[in-house]
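Q: Compact mmCIF, C-alpha atoms, file upload.txt:
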# COMPACT_ATOMS: atom_id res chain seq x y z
CA LYS A 1 91.52 88.51 150.07
CA PRO A 2 87.84 87.77 150.53
CA LEU A 3 85.68 90.01 148.36
CA TRP A 4 82.51 89.72 150.45
CA GLN A 5 80.70 87.54 152.95
CA GLY A 6 77.12 86.82 153.95
CA GLU A 7 74.96 84.41 155.91
CA GLY A 8 72.37 81.91 154.76
CA GLN A 9 71.76 78.32 153.79
CA LEU A 10 74.66 77.16 151.71
CA GLY A 11 73.39 74.02 150.07
CA HIS A 12 75.97 72.00 148.17
CA TYR A 13 76.84 73.96 145.05
CA PRO A 14 76.77 77.71 144.35
CA TYR A 15 75.99 78.65 140.76
CA PRO A 16 77.21 81.89 139.13
CA TRP A 17 75.22 83.47 136.29
CA ASP A 18 74.76 86.99 134.94
CA LEU A 19 71.00 87.24 135.51
CA ASP A 20 70.65 90.97 134.94
CA GLY A 21 72.94 91.29 131.92
CA ASP A 22 75.34 93.79 133.52
CA GLY A 23 78.42 91.69 132.73
CA ARG A 24 78.91 90.59 136.35
CA ASP A 25 77.69 87.31 137.77
CA GLU A 26 75.10 86.96 140.45
CA VAL A 27 75.49 83.82 142.58
CA ALA A 28 72.68 81.43 143.48
CA ILE A 29 73.54 79.80 146.80
CA GLY A 30 70.97 77.56 148.44
CA TYR A 31 67.65 79.40 148.19
CA ALA A 32 69.11 82.89 147.78
CA LEU A 33 70.58 85.10 145.09
CA TRP A 34 73.53 87.40 145.76
CA ASP A 35 74.95 90.11 143.52
CA HIS A 36 78.61 90.50 142.56
CA ALA A 37 79.27 92.77 145.54
CA GLY A 38 77.81 90.41 148.15
CA HIS A 39 74.38 91.99 148.58
CA ARG A 40 71.61 89.47 149.03
CA LEU A 41 69.01 90.21 146.36
CA TRP A 42 66.43 87.71 147.64
CA SER A 43 66.21 84.70 149.90
CA HIS A 44 63.83 81.90 150.83
CA ASP A 45 66.09 80.54 153.54
CA ALA A 46 63.45 81.20 156.21
CA ASP A 47 60.64 79.62 154.14
CA LEU A 48 62.37 76.45 152.97
CA LYS A 49 63.66 74.20 155.70
CA ASP A 50 65.87 71.64 153.99
CA HIS A 51 69.00 72.78 152.14
CA ALA A 52 69.43 72.87 148.36
CA ASP A 53 71.46 69.89 147.17
CA GLY A 54 71.73 71.26 143.66
CA VAL A 55 71.20 74.60 141.91
CA ALA A 56 71.14 75.61 138.25
CA VAL A 57 70.52 78.99 136.64
CA GLY A 58 69.80 79.81 133.03
CA ASN A 59 67.43 80.18 130.14
CA PHE A 60 66.80 76.53 129.29
CA SER A 61 63.96 77.26 126.86
CA ASP A 62 64.29 77.51 123.08
CA ASP A 63 63.44 81.23 123.24
CA PRO A 64 66.68 83.27 123.43
CA LYS A 65 64.68 86.21 124.84
CA ALA A 66 63.11 84.22 127.69
CA GLU A 67 64.03 85.25 131.20
CA PRO A 68 66.56 83.01 132.97
CA ARG A 69 65.28 81.04 135.94
CA VAL A 70 66.82 79.65 139.09
CA TYR A 71 66.21 75.94 139.72
CA ALA A 72 66.87 74.14 143.00
CA TRP A 73 66.84 70.50 144.01
CA GLY A 74 66.08 70.98 147.67
CA SER A 75 66.40 67.71 149.53
CA ASP A 76 63.02 67.08 151.22
CA GLU A 77 61.73 70.36 149.75
CA GLY A 78 61.80 68.62 146.34
CA PHE A 79 62.16 70.58 143.09
CA LEU A 80 61.81 74.37 142.97
CA MET A 81 61.85 76.94 140.20
CA PHE A 82 62.21 80.70 140.84
CA ASP A 83 62.10 83.70 138.57
CA ARG A 84 65.05 86.06 138.73
CA ARG A 85 63.28 88.22 141.33
CA GLY A 86 62.90 85.24 143.66
CA THR A 87 59.22 84.43 143.15
CA ILE A 88 58.61 80.69 143.51
CA LEU A 89 57.10 79.59 140.21
CA LYS A 90 57.06 75.83 140.93
CA HIS A 91 57.45 73.76 144.08
CA VAL A 92 57.06 70.03 143.44
CA ARG A 93 57.56 67.70 146.38
CA ILE A 94 59.06 64.60 144.79
CA GLY A 95 61.00 63.29 147.78
CA HIS A 96 64.58 64.00 148.81
CA ALA A 97 65.74 65.56 145.53
CA GLN A 98 69.46 65.72 144.77
CA THR A 99 71.76 66.75 141.93
CA ALA A 100 71.43 69.33 139.19
CA CYS A 101 71.41 67.64 135.82
CA VAL A 102 70.42 69.72 132.79
CA GLY A 103 70.52 68.55 129.19
CA LYS A 104 68.69 67.75 125.98
CA PHE A 105 67.37 64.38 127.11
CA LEU A 106 64.23 64.48 124.93
CA PRO A 107 65.19 65.83 121.48
CA ASP A 108 61.59 66.14 120.31
CA ARG A 109 60.64 68.54 123.13
CA PRO A 110 61.44 72.26 123.19
CA GLY A 111 64.25 73.50 125.40
CA LEU A 112 66.35 71.54 127.82
CA GLN A 113 65.16 69.15 130.51
CA LEU A 114 66.17 68.86 134.15
CA MET A 115 66.72 65.50 135.83
CA CYS A 116 67.33 64.55 139.44
CA VAL A 117 67.48 61.48 141.64
CA ASN A 118 66.22 61.03 145.18
CA PHE A 119 68.37 59.99 148.13
CA TRP A 120 67.35 58.96 151.63
CA LYS A 121 63.83 57.69 152.42
CA ASN A 122 63.12 56.97 148.72
CA PRO A 123 66.48 56.45 146.94
CA GLY A 124 66.67 55.82 143.23
CA ILE A 125 63.50 57.60 142.09
CA VAL A 126 64.47 59.67 139.06
CA SER A 127 62.36 62.68 138.04
CA LEU A 128 62.49 64.54 134.73
CA PHE A 129 61.16 68.10 134.34
CA ASP A 130 60.86 70.40 131.37
CA HIS A 131 62.32 73.93 131.46
CA ASP A 132 58.98 75.24 132.78
CA GLY A 133 59.19 72.96 135.82
CA ASN A 134 56.53 70.47 134.67
CA LEU A 135 57.11 66.88 135.76
CA LEU A 136 57.41 64.77 132.59
CA GLU A 137 58.52 61.38 133.86
CA GLN A 138 59.28 59.59 137.10
CA GLN A 139 60.71 56.09 137.55
CA GLU A 140 63.06 54.04 139.70
CA PRO A 141 65.69 52.57 137.35
CA ILE A 142 67.80 51.28 140.28
CA HIS A 143 67.29 51.44 144.03
CA SER A 144 70.14 53.80 144.85
CA GLY A 145 71.13 57.38 144.27
CA SER A 146 73.76 58.50 141.81
CA PRO A 147 75.45 61.70 140.61
CA MET A 148 73.26 61.88 137.44
CA LEU A 149 75.81 63.40 135.07
CA PRO A 150 74.75 64.48 131.55
CA VAL A 151 76.74 62.76 128.80
CA ASN A 152 76.94 63.69 125.11
CA TRP A 153 77.51 60.06 124.15
CA ARG A 154 76.54 60.06 120.46
CA GLY A 155 77.20 63.68 119.51
CA ASP A 156 73.84 64.04 117.76
CA GLY A 157 72.24 66.55 120.14
CA GLN A 158 70.58 64.07 122.49
CA GLU A 159 72.21 63.61 125.85
CA PHE A 160 72.07 60.63 128.18
CA VAL A 161 72.47 60.55 131.94
CA LEU A 162 75.15 58.53 133.69
CA LEU A 163 73.20 56.48 136.21
CA SER A 164 76.07 54.41 137.56
CA GLY A 165 79.25 52.65 136.47
CA ASN A 166 77.89 49.35 137.77
CA ALA A 167 78.04 46.67 135.04
CA ARG A 168 74.80 44.97 136.16
CA GLU A 169 72.54 47.86 137.25
CA GLY A 170 74.27 50.96 135.94
CA GLY A 171 74.92 52.47 132.56
CA MET A 172 73.24 55.47 130.98
CA ILE A 173 69.56 56.29 130.62
CA ASP A 174 67.75 58.54 128.17
CA GLY A 175 64.89 60.97 128.83
CA GLU A 176 62.36 58.14 128.72
CA MET A 177 64.27 56.38 131.55
CA ARG A 178 65.38 53.59 129.24
CA ARG A 179 68.83 52.11 129.81
CA VAL A 180 70.55 52.87 126.52
CA VAL A 181 74.23 52.23 127.34
CA MET A 182 75.58 49.40 129.50
CA PHE A 183 79.17 49.09 130.65
CA PRO A 184 81.29 45.92 130.39
CA ASP A 185 82.08 43.87 133.45
CA ASP A 186 85.83 44.50 133.13
CA GLY A 187 86.67 45.13 136.77
CA HIS A 188 86.29 48.92 136.62
CA PRO A 189 85.17 50.70 139.80
CA ASP A 190 81.54 51.69 140.06
As structure tokens, what does this structure read like?
A:
Amino acid sequence: KPLWQGEGQLGHYPYPWDLDGDGRDEVAIGYALWDHAGHRLWSHDADLKDHADGVAVGNFSDDPKAEPRVYAWGSDEGFLMFDRRGTILKHVRIGHAQTACVGKFLPDRPGLQLMCVNFWKNPGIVSLFDHDGNLLEQQEPIHSGSPMLPVNWRGDGQEFVLLSGNAREGGMIDGEMRRVVMFPDDGHPD
């Protein structure tokens, strides 16, 4: 049985998180936040025209008492960061932003970092943000988009990002956009 329903921009991936600490998850969907009972708490669906291709919610700082934030990779809207009440704290137009990749890509910096890749119009441009939504790095490692999956490759606390399985252009990159792992040309799919 459906528990609730609502209307709004869906985006690609909803993200559940207990933002208010009541033991029940709120759900970030597109540019809106819904409570556990299906009441829309806030929405920017009317303000932001292109849908959210990726969403992440959490306290990605090193301060365990810091307020969680909602992050969105919003296609042509770029990168957005909201507070839990829905106020837009950052809106950085970086192109057609996709994916939601969060990890410890730069071990010498506080908190976690957020990485995305652009599709359409400017594919392959990779942007790295800190947990406060500041753009740290931007490069084009390859001229195509990819899923940008975080990988704990070495187990030492630093994560890499899977750029592609392609033996010639793919591999994994670190937070400085350096290709740090290459894959063998053994006939695997990419």
Q: Once you count all atoms listed in the file, which residues end up no further than 12 Å from (72.3, 87.9, 152.8) in the file's frame, shown as number ranges by chain?
A: A: 4-10, 27-35, 37-46
Q: Give me a file of those residues, with C-alpha atoms, as a compact mmCIF listing (two decimals), keeping the file's coordinate frame.
A:
# COMPACT_ATOMS: atom_id res chain seq x y z
CA TRP A 4 82.51 89.72 150.45
CA GLN A 5 80.70 87.54 152.95
CA GLY A 6 77.12 86.82 153.95
CA GLU A 7 74.96 84.41 155.91
CA GLY A 8 72.37 81.91 154.76
CA GLN A 9 71.76 78.32 153.79
CA LEU A 10 74.66 77.16 151.71
CA VAL A 27 75.49 83.82 142.58
CA ALA A 28 72.68 81.43 143.48
CA ILE A 29 73.54 79.80 146.80
CA GLY A 30 70.97 77.56 148.44
CA TYR A 31 67.65 79.40 148.19
CA ALA A 32 69.11 82.89 147.78
CA LEU A 33 70.58 85.10 145.09
CA TRP A 34 73.53 87.40 145.76
CA ASP A 35 74.95 90.11 143.52
CA ALA A 37 79.27 92.77 145.54
CA GLY A 38 77.81 90.41 148.15
CA HIS A 39 74.38 91.99 148.58
CA ARG A 40 71.61 89.47 149.03
CA LEU A 41 69.01 90.21 146.36
CA TRP A 42 66.43 87.71 147.64
CA SER A 43 66.21 84.70 149.90
CA HIS A 44 63.83 81.90 150.83
CA ASP A 45 66.09 80.54 153.54
CA ALA A 46 63.45 81.20 156.21
Q: State, in Å with one decimal place, the distance from atom CA of A:Ala97 to atom CA of A:Asp130.
A: 15.7 Å
Q: Would you mind telling me which residue in A:Leu48, A:Ala100, A:Val181, A:Ile94 lies nearest to A:Trp73 when using all atoms listed in the file?
A: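 Among the listed residues, the smallest separation from A:Trp73 belongs to A:Ala100.
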Q: Could you list, with a cut-off of 7 Å and counting all atoms listed in the file, the residues of stretch 38-72 of chain A near stretch 84-92 of chain A, each shown with its nearest atom pair and the distance in Å rounded to one decimal, rows sorted by chain and ascending number, as JSON lines?
A:
{"residue": "A:Trp42", "atom": "CA", "partner": "A:Gly86", "partner_atom": "CA", "distance": 5.9}
{"residue": "A:Pro68", "atom": "CA", "partner": "A:Arg84", "partner_atom": "CA", "distance": 6.7}
{"residue": "A:Arg69", "atom": "CA", "partner": "A:Arg84", "partner_atom": "CA", "distance": 5.7}
{"residue": "A:Val70", "atom": "CA", "partner": "A:Arg84", "partner_atom": "CA", "distance": 6.7}
Q: Name the closest residue to A:Asp174 among the candidates A:Trp153, A:Met148, A:Leu106, A:Tyr13; distances are taken between atoms, counting only C-alpha atoms.
A: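 Closest to A:Asp174, using only C-alpha atoms: A:Leu106.
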Q: Neighbourhood query: residues within 9 Å of (68.1, 72.5, 121.8), file coordinates, counting all atoms listed in the file; return as a ChimeraX atom specification.
A: /A:60-62,103-104,107,109-112,157-158
Q: Quick one: residues within 7 Å of A:Asp76, only C-alpha atoms, excluding same-chain residues fewer than 4 positions away - as an MDAnalysis selection string?
A: chainID A and resid 50 95:97
Q: What gap, in Å, lies between atom CA of A:Cys116 and atom CA of A:Gly21?
A: 28.3 Å
Q: Which polymer residues have any atom within 7 Å of an atom of A:Tyr71, counting only C-alpha atoms, with same-chain residues fewer than 4 positions away left out, as a ChimeraX atom specification?
A: /A:55-57,80-82
Q: Report, in Å with one decimal, the straight-line distance from atom CA of A:Gln138 to atom CA of A:Ala66.
A: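 If I compute the distance from atom CA of A:Gln138 to atom CA of A:Ala66, I get 26.6 Å.
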Q: Excluding A:Glu159 and residues on its chain fewer than 3 positions from it, collect all residues at most 6 Å away from it, counting only C-alpha atoms, and give them as a list in words.
A: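 Listing them by chain and then by number gives Lys104, Phe105, Val151 and Asn152 of chain A.
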